[in-house]
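Colleague: So that you have it, the file is start.cif, and it contains mmCIF, C-alpha atoms:
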```cif
data_final
#
loop_
_atom_site.label_atom_id
_atom_site.label_comp_id
_atom_site.auth_asym_id
_atom_site.auth_seq_id
_atom_site.Cartn_x
_atom_site.Cartn_y
_atom_site.Cartn_z
CA MET A 15 86.35 117.85 59.00
CA SER A 16 84.17 120.89 59.55
CA GLY A 17 82.94 121.92 62.95
CA ALA A 18 80.74 118.82 63.10
CA PRO A 19 81.56 116.16 65.72
CA PRO A 20 84.00 113.58 64.38
CA ARG A 21 82.60 110.33 63.05
CA ILE A 22 84.18 107.53 65.06
CA GLY A 23 85.12 103.97 64.17
CA PHE A 24 86.42 101.12 66.26
CA ILE A 25 88.40 98.10 65.13
CA GLY A 26 87.64 95.50 67.75
CA PHE A 27 85.11 95.86 70.53
CA GLY A 28 86.45 94.25 73.66
CA GLU A 29 86.78 95.57 77.19
CA VAL A 30 88.40 98.92 76.35
CA ALA A 31 86.14 99.89 73.45
CA SER A 32 82.94 98.79 75.17
CA HIS A 33 83.72 101.01 78.16
CA VAL A 34 85.08 104.02 76.24
CA MET A 35 82.41 104.22 73.52
CA PRO A 36 79.36 104.85 75.78
CA GLY A 37 81.03 107.86 77.36
CA LEU A 38 81.90 109.33 73.98
CA ARG A 39 78.31 108.89 72.82
CA ALA A 40 77.05 110.56 76.00
CA ALA A 41 79.47 113.42 75.27
CA GLY A 42 77.81 114.00 71.88
CA LEU A 43 79.86 111.76 69.57
CA THR A 44 76.95 109.59 68.52
CA ASP A 45 78.00 108.55 64.99
CA VAL A 46 79.91 105.34 65.76
CA THR A 47 80.70 102.34 63.56
CA VAL A 48 82.37 99.20 64.87
CA CYS A 49 84.23 96.59 62.86
CA ALA A 50 84.58 93.36 64.83
CA ARG A 51 85.02 89.71 63.91
CA ARG A 52 83.10 88.14 66.77
CA GLN A 53 79.32 88.15 66.70
CA GLU A 54 79.24 88.70 70.45
CA ALA A 55 81.26 91.91 70.08
CA ARG A 56 79.06 93.17 67.25
CA ASP A 57 75.92 92.47 69.26
CA ARG A 58 77.35 94.34 72.23
CA ALA A 59 78.27 97.31 70.04
CA ALA A 60 74.83 97.41 68.46
CA GLY A 61 73.25 97.24 71.88
CA LEU A 62 75.23 100.34 72.88
CA GLY A 63 74.04 102.29 69.83
CA ALA A 64 76.76 101.68 67.26
CA THR A 65 76.53 100.38 63.72
CA ALA A 66 78.33 97.03 63.65
CA SER A 67 80.00 95.24 60.75
CA THR A 68 82.60 92.61 59.92
CA ASP A 69 83.85 94.60 56.91
CA ILE A 70 86.71 97.05 57.41
CA ALA A 71 85.31 99.05 54.49
CA ALA A 72 82.46 100.09 56.77
CA LEU A 73 84.97 102.46 58.38
CA ALA A 74 85.81 104.24 55.11
CA ASP A 75 83.75 107.32 56.00
CA ARG A 76 85.14 107.65 59.54
CA ASP A 77 87.15 110.68 60.64
CA VAL A 78 88.80 108.83 63.52
CA VAL A 79 89.39 105.09 63.91
CA PHE A 80 90.36 103.59 67.25
CA ALA A 81 92.24 100.29 67.03
CA CYS A 82 91.20 98.51 70.24
CA VAL A 83 92.58 95.02 69.70
CA PRO A 84 94.99 92.85 71.71
CA GLY A 85 98.63 93.76 71.21
CA SER A 86 99.23 90.52 69.34
CA ALA A 87 96.66 91.60 66.72
CA ALA A 88 97.54 95.30 66.44
CA VAL A 89 99.91 95.07 63.47
CA ASP A 90 97.46 92.89 61.57
CA ALA A 91 94.68 95.37 62.36
CA ALA A 92 96.75 98.22 60.95
CA ARG A 93 97.49 96.16 57.83
CA SER A 94 93.80 95.35 57.35
CA ALA A 95 92.93 99.04 57.62
CA ALA A 96 95.58 100.21 55.18
CA GLY A 97 92.99 100.89 52.48
CA LEU A 98 91.10 103.46 54.52
CA PRO A 99 91.36 107.10 53.38
CA SER A 100 94.57 109.02 54.03
CA SER A 101 92.58 111.65 55.92
CA VAL A 102 91.66 109.28 58.77
CA LEU A 103 93.16 109.73 62.23
CA TYR A 104 94.23 106.23 63.26
CA VAL A 105 94.46 105.90 67.05
CA ASP A 106 96.12 102.69 68.21
CA VAL A 107 95.32 102.08 71.90
CA SER A 108 96.55 98.48 71.96
CA SER A 109 99.20 97.35 74.44
CA LEU A 110 102.34 97.08 72.35
CA ASP A 111 106.02 97.77 72.90
CA PRO A 112 107.57 100.77 71.10
CA ALA A 113 108.86 98.66 68.20
CA GLY A 114 105.38 97.18 67.73
CA LYS A 115 103.81 100.64 67.64
CA ARG A 116 106.32 101.76 65.03
CA ALA A 117 105.53 98.69 62.95
CA ALA A 118 101.80 99.42 63.19
CA ALA A 119 102.43 103.04 62.23
CA GLU A 120 104.22 101.93 59.06
CA LEU A 121 101.16 99.96 57.94
CA ALA A 122 98.27 102.02 59.26
CA PRO A 123 96.27 104.42 57.09
CA GLY A 124 96.10 108.17 57.53
CA VAL A 125 97.74 109.95 60.44
CA PHE A 126 98.93 107.68 63.24
CA VAL A 127 98.51 108.14 66.98
CA ASP A 128 100.24 105.93 69.53
CA ALA A 129 97.82 106.16 72.47
CA ALA A 130 98.47 104.34 75.74
CA ILE A 131 95.93 103.93 78.51
CA LEU A 132 97.25 104.66 82.02
CA GLY A 133 94.52 103.27 84.20
CA SER A 134 91.31 101.28 84.03
CA ALA A 135 88.82 101.97 81.25
CA VAL A 136 86.39 99.71 83.11
CA GLU A 137 86.39 102.13 86.05
CA ARG A 138 86.76 105.46 84.25
CA GLY A 139 85.34 104.91 80.79
CA HIS A 140 86.34 107.51 78.20
CA ARG A 141 87.85 109.66 80.95
CA VAL A 142 90.64 107.18 81.66
CA PRO A 143 94.00 109.00 81.37
CA LEU A 144 95.88 108.53 78.11
CA VAL A 145 99.30 109.52 76.87
CA ALA A 146 99.65 110.06 73.14
CA SER A 147 102.54 110.41 70.71
CA GLY A 148 102.99 110.30 66.97
CA PRO A 149 102.23 112.74 64.16
CA GLY A 150 98.50 112.86 64.99
CA ALA A 151 98.79 113.18 68.77
CA ALA A 152 98.12 116.90 69.02
CA ARG A 153 95.16 116.66 66.66
CA PHE A 154 93.78 113.75 68.69
CA ALA A 155 93.98 115.80 71.89
CA ASP A 156 92.37 118.82 70.22
CA LEU A 157 89.46 116.73 68.96
CA PHE A 158 88.66 114.70 72.06
CA THR A 159 89.68 116.76 75.09
CA PRO A 160 86.55 118.93 74.67
CA HIS A 161 84.49 115.73 74.91
CA GLY A 162 85.95 114.69 78.25
CA MET A 163 88.92 112.54 77.29
CA VAL A 164 92.05 113.08 79.38
CA ILE A 165 94.96 113.14 76.92
CA SER A 166 98.57 114.17 77.52
CA VAL A 167 100.65 114.65 74.37
CA VAL A 168 104.15 113.30 75.11
CA GLY A 169 105.90 113.40 71.76
CA ASP A 170 105.62 113.25 68.00
CA ARG A 171 107.04 109.75 67.43
CA PRO A 172 105.15 106.46 67.59
CA GLY A 173 106.45 104.36 70.46
CA GLU A 174 106.96 107.14 72.98
CA ALA A 175 103.55 106.68 74.58
CA ALA A 176 103.98 102.90 74.55
CA ALA A 177 107.30 103.23 76.36
CA ILE A 178 105.68 105.30 79.11
CA LYS A 179 102.93 102.73 79.61
CA LEU A 180 105.26 99.74 79.76
CA VAL A 181 107.83 101.34 82.06
CA ARG A 182 104.99 102.48 84.32
CA SER A 183 103.75 98.88 84.31
CA VAL A 184 107.11 97.74 85.71
CA PHE A 185 106.18 99.69 88.84
CA VAL A 186 102.39 99.36 88.98
CA LYS A 187 102.20 95.66 88.07
CA GLY A 188 105.31 95.02 90.15
CA LEU A 189 103.59 96.59 93.14
CA GLU A 190 100.60 94.35 92.52
CA ALA A 191 102.88 91.30 92.46
CA LEU A 192 104.61 92.42 95.66
CA TYR A 193 101.26 92.70 97.41
CA VAL A 194 100.40 89.15 96.34
CA GLU A 195 103.68 87.63 97.51
CA ALA A 196 103.98 89.61 100.74
CA PHE A 197 100.38 89.39 101.89
CA VAL A 198 99.95 85.67 101.15
CA ALA A 199 103.18 84.99 103.06
CA ALA A 200 101.93 87.22 105.90
CA ARG A 201 98.68 85.27 106.06
CA ARG A 202 100.51 81.94 106.23
CA LEU A 203 102.72 83.30 109.01
CA GLY A 204 99.73 84.62 110.95
CA VAL A 205 100.71 88.30 110.75
CA LEU A 206 98.54 89.61 107.90
CA ASP A 207 96.66 92.32 109.84
CA THR A 208 99.83 93.79 111.33
CA VAL A 209 101.73 93.70 108.04
CA GLU A 210 98.81 95.29 106.18
CA ALA A 211 98.65 98.12 108.72
CA SER A 212 102.41 98.65 108.64
CA VAL A 213 102.53 98.80 104.83
CA ALA A 214 99.63 101.25 104.79
CA GLU A 215 101.35 103.43 107.41
CA PHE A 216 104.54 103.49 105.31
CA LEU A 217 102.70 104.41 102.11
CA ASP A 218 100.53 107.04 103.80
CA ALA A 219 103.38 108.73 105.66
CA ARG A 220 104.43 111.06 102.85
CA PRO A 221 103.56 112.03 99.26
CA ALA A 222 104.48 109.42 96.67
CA LYS A 223 107.15 111.67 95.11
CA ASP A 224 108.84 112.04 98.49
CA THR A 225 108.80 108.29 99.03
CA ALA A 226 110.44 107.74 95.63
CA ALA A 227 113.09 110.35 96.41
CA MET A 228 113.80 108.84 99.83
CA LEU A 229 114.19 105.29 98.52
CA LEU A 230 116.26 106.18 95.47
CA ARG A 231 118.45 108.57 97.45
CA SER A 232 119.23 105.98 100.12
CA HIS A 233 119.54 102.98 97.79
CA ARG A 234 123.22 103.42 96.97
CA MET A 235 124.18 103.87 100.61
CA HIS A 236 122.21 100.97 102.09
CA ALA A 237 122.05 98.42 99.27
CA ALA A 238 124.42 95.93 100.93
CA ARG A 239 122.50 95.87 104.23
CA ARG A 240 119.16 95.72 102.43
CA ALA A 241 120.39 92.84 100.26
CA GLU A 242 121.08 90.78 103.38
CA GLU A 243 117.66 91.61 104.85
CA CYS A 244 115.88 90.78 101.59
CA ALA A 245 117.72 87.46 101.34
CA LEU A 246 116.33 86.60 104.77
CA SER A 247 112.87 87.69 103.58
CA ALA A 248 113.14 85.45 100.53
CA ARG A 249 114.15 82.48 102.67
CA MET A 250 111.22 83.05 105.03
CA VAL A 251 108.74 83.37 102.14
CA GLU A 252 110.07 80.13 100.70
CA GLU A 253 109.76 78.39 104.06
CA SER A 254 106.11 79.45 104.15
CA GLY A 255 105.60 77.39 100.99
CA ILE A 256 105.62 80.22 98.42
CA ASP A 257 108.08 80.54 95.55
CA PRO A 258 109.86 83.81 96.49
CA LEU A 259 109.96 85.28 92.98
CA LEU A 260 109.79 88.94 93.99
CA SER A 261 111.65 88.60 97.28
CA ALA A 262 114.60 86.85 95.64
CA ALA A 263 114.67 89.33 92.75
CA THR A 264 114.69 92.25 95.19
CA ALA A 265 117.61 90.74 97.09
CA ALA A 266 119.46 90.22 93.79
CA LEU A 267 118.93 93.83 92.71
CA MET A 268 120.19 95.15 96.06
CA ALA A 269 123.23 92.87 95.86
CA ARG A 270 123.97 94.05 92.32
CA THR A 271 124.02 97.67 93.43
CA ALA A 272 126.21 96.84 96.43
CA ALA A 273 128.68 94.97 94.23
CA ARG A 274 128.95 97.70 91.62
CA ILE A 275 128.92 100.69 93.94
CA PRO A 276 131.07 99.59 96.91
CA HIS A 277 131.80 103.14 98.10
CA PRO A 278 128.81 105.30 97.25
CA ASP A 279 129.05 109.05 97.24
CA VAL A 280 126.30 110.10 99.65
CA GLU A 281 126.95 113.82 99.85
CA GLY A 282 123.99 116.17 99.49
CA ARG A 283 120.35 115.32 98.73
CA PRO A 284 120.06 114.45 95.03
CA THR A 285 116.70 114.66 93.32
CA VAL A 286 114.99 111.61 91.85
CA ALA A 287 116.43 112.44 88.41
CA GLN A 288 119.93 112.89 89.85
CA SER A 289 119.69 109.68 91.86
CA VAL A 290 118.53 107.69 88.84
CA ALA A 291 121.31 109.21 86.69
CA LEU A 292 123.91 108.14 89.26
CA LEU A 293 122.49 104.62 89.37
CA ASP A 294 122.30 104.45 85.58
CA GLU A 295 125.95 105.44 85.25
CA SER A 296 127.14 103.05 87.96
CA LEU A 297 125.10 99.99 87.01
CA GLY A 298 126.15 100.12 83.37
CA ASP A 299 124.96 97.94 80.50
CA HIS A 300 123.58 94.52 81.49
CA ARG A 301 124.18 93.03 78.03
#
```
Can the structure from this file be put into structure tokens for me?

Modeller:
Amino acid sequence: MSGAPPRIGFIGFGEVASHVMPGLRAAGLTDVTVCARRQEARDRAAGLGATASTDIAALADRDVVFACVPGSAAVDAARSAAGLPSSVLYVDVSSLDPAGKRAAAELAPGVFVDAAILGSAVERGHRVPLVASGPGAARFADLFTPHGMVISVVGDRPGEAAAIKLVRSVFVKGLEALYVEAFVAARRLGVLDTVEASVAEFLDARPAKDTAAMLLRSHRMHAARRAEECALSARMVEESGIDPLLSAATAALMARTAARIPHPDVEGRPTVAQSVALLDESLGDHR
């Protein structure tokens, strides 16, 4: 490529692509071609100013191709694109595990980028935060950061960005599930307003990093007591008529720590990394 804006292609045009593409066009990247199977997706792409096709060969002149398909279709998408030129930057933003991203990288044309979205493209469009790894990650960031994309390069191997996204989802989606279980139980017990206020007060009391440090630091010391309390919580949630999936799992995790670390060393104030390392060493291999 010269100094001209990169020519962009999309494989698939669902929720992510249809919210990212308009922002890129507004930022000056107006030469966009979309390859999509569904007529509805092609019509939507054309309505947003892209050239739309069902033929993967329509992407042969693209500098950058974004694979925006469901995770279950990502490897097939990479295989279908294998005939594209070796110069193309192939950016896979699908939700896949690290092994899936490595499999896609083996099949994809050109230079591969494992890109993982950390947030909502619906809300933030092309400015949604991304982490990127793989041999093309630095080039991807250099090309698109000037156009408003928020890209953090996290490594040079496919799968590293995917791992960050999925581990982060353990927390973010787990928090979502906890809200569902706790707040529905609170409503059934007639205490929703008070519980909502108490949870908000706890979360607002300190920066998120400090909350993580506090909980991880105290976990080893108080796991046994917390396991008993969480078992009571799970029983109460069940008595309210809700399957206590999260409550019971939390009690089980606390009990596991208590069983494996009966006499925790609580000297000093370890950092988050130190606390996690101590837990990792003590909890051992689950297999």

Colleague: Pick out the residues sitting within 12 Å of Glu253 of chain A, and hand them over as a ChimeraX atom specification; count all atoms listed in the file, and ignore anything fewer than 3 positions along from it in its own chain.

Modeller: /A:199-200,202-203,246-250,256-258

Colleague: Counting all atoms listed in the file, which residue out of A:Ala269, A:Ala113, A:Ala226, A:Val290 sits closest to Gly173 of chain A?

Modeller: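 For Gly173 of chain A, the nearest of the candidates is A:Ala113.
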
Colleague: Exactly which residues make up the result of the PyMOL selection byres ((chain A and resi 49-66) around 12) on this file, given as a PDB file with C-alpha atoms, in the coordinates of the input?

Modeller:
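Final output, selection.pdb:
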```
ATOM      1  CA  ARG A  21      82.600 110.330  63.050  1.00  0.00           C
ATOM      2  CA  ILE A  22      84.180 107.530  65.060  1.00  0.00           C
ATOM      3  CA  GLY A  23      85.120 103.970  64.170  1.00  0.00           C
ATOM      4  CA  PHE A  24      86.420 101.120  66.260  1.00  0.00           C
ATOM      5  CA  ILE A  25      88.400  98.100  65.130  1.00  0.00           C
ATOM      6  CA  GLY A  26      87.640  95.500  67.750  1.00  0.00           C
ATOM      7  CA  PHE A  27      85.110  95.860  70.530  1.00  0.00           C
ATOM      8  CA  GLY A  28      86.450  94.250  73.660  1.00  0.00           C
ATOM      9  CA  GLU A  29      86.780  95.570  77.190  1.00  0.00           C
ATOM     10  CA  VAL A  30      88.400  98.920  76.350  1.00  0.00           C
ATOM     11  CA  ALA A  31      86.140  99.890  73.450  1.00  0.00           C
ATOM     12  CA  SER A  32      82.940  98.790  75.170  1.00  0.00           C
ATOM     13  CA  HIS A  33      83.720 101.010  78.160  1.00  0.00           C
ATOM     14  CA  VAL A  34      85.080 104.020  76.240  1.00  0.00           C
ATOM     15  CA  MET A  35      82.410 104.220  73.520  1.00  0.00           C
ATOM     16  CA  PRO A  36      79.360 104.850  75.780  1.00  0.00           C
ATOM     17  CA  GLY A  37      81.030 107.860  77.360  1.00  0.00           C
ATOM     18  CA  LEU A  38      81.900 109.330  73.980  1.00  0.00           C
ATOM     19  CA  ARG A  39      78.310 108.890  72.820  1.00  0.00           C
ATOM     20  CA  ALA A  40      77.050 110.560  76.000  1.00  0.00           C
ATOM     21  CA  LEU A  43      79.860 111.760  69.570  1.00  0.00           C
ATOM     22  CA  THR A  44      76.950 109.590  68.520  1.00  0.00           C
ATOM     23  CA  ASP A  45      78.000 108.550  64.990  1.00  0.00           C
ATOM     24  CA  VAL A  46      79.910 105.340  65.760  1.00  0.00           C
ATOM     25  CA  THR A  47      80.700 102.340  63.560  1.00  0.00           C
ATOM     26  CA  VAL A  48      82.370  99.200  64.870  1.00  0.00           C
ATOM     27  CA  SER A  67      80.000  95.240  60.750  1.00  0.00           C
ATOM     28  CA  THR A  68      82.600  92.610  59.920  1.00  0.00           C
ATOM     29  CA  ASP A  69      83.850  94.600  56.910  1.00  0.00           C
ATOM     30  CA  ILE A  70      86.710  97.050  57.410  1.00  0.00           C
ATOM     31  CA  ALA A  71      85.310  99.050  54.490  1.00  0.00           C
ATOM     32  CA  ALA A  72      82.460 100.090  56.770  1.00  0.00           C
ATOM     33  CA  LEU A  73      84.970 102.460  58.380  1.00  0.00           C
ATOM     34  CA  ALA A  74      85.810 104.240  55.110  1.00  0.00           C
ATOM     35  CA  ARG A  76      85.140 107.650  59.540  1.00  0.00           C
ATOM     36  CA  VAL A  79      89.390 105.090  63.910  1.00  0.00           C
ATOM     37  CA  PHE A  80      90.360 103.590  67.250  1.00  0.00           C
ATOM     38  CA  ALA A  81      92.240 100.290  67.030  1.00  0.00           C
ATOM     39  CA  CYS A  82      91.200  98.510  70.240  1.00  0.00           C
ATOM     40  CA  VAL A  83      92.580  95.020  69.700  1.00  0.00           C
ATOM     41  CA  ALA A  91      94.680  95.370  62.360  1.00  0.00           C
ATOM     42  CA  SER A  94      93.800  95.350  57.350  1.00  0.00           C
ATOM     43  CA  ALA A  95      92.930  99.040  57.620  1.00  0.00           C
TER      44      ALA A  95
END
```

Colleague: Under the PyMOL selection byres ((chain A and resi 135-147) around 7), which residues of this model are included? Write them out as a count of residues only.

Modeller: 30

Colleague: Provide an axis-aligned box for all listed atoms of segment 289-295 of chain A, padding each side by 3 Å; report its centre and its edge lengths in Å to one decimal, as JSON.

Modeller:
```
{"center_x": 122.2, "center_y": 107.1, "center_z": 88.6, "size_x": 13.4, "size_y": 11.2, "size_z": 12.6}
```
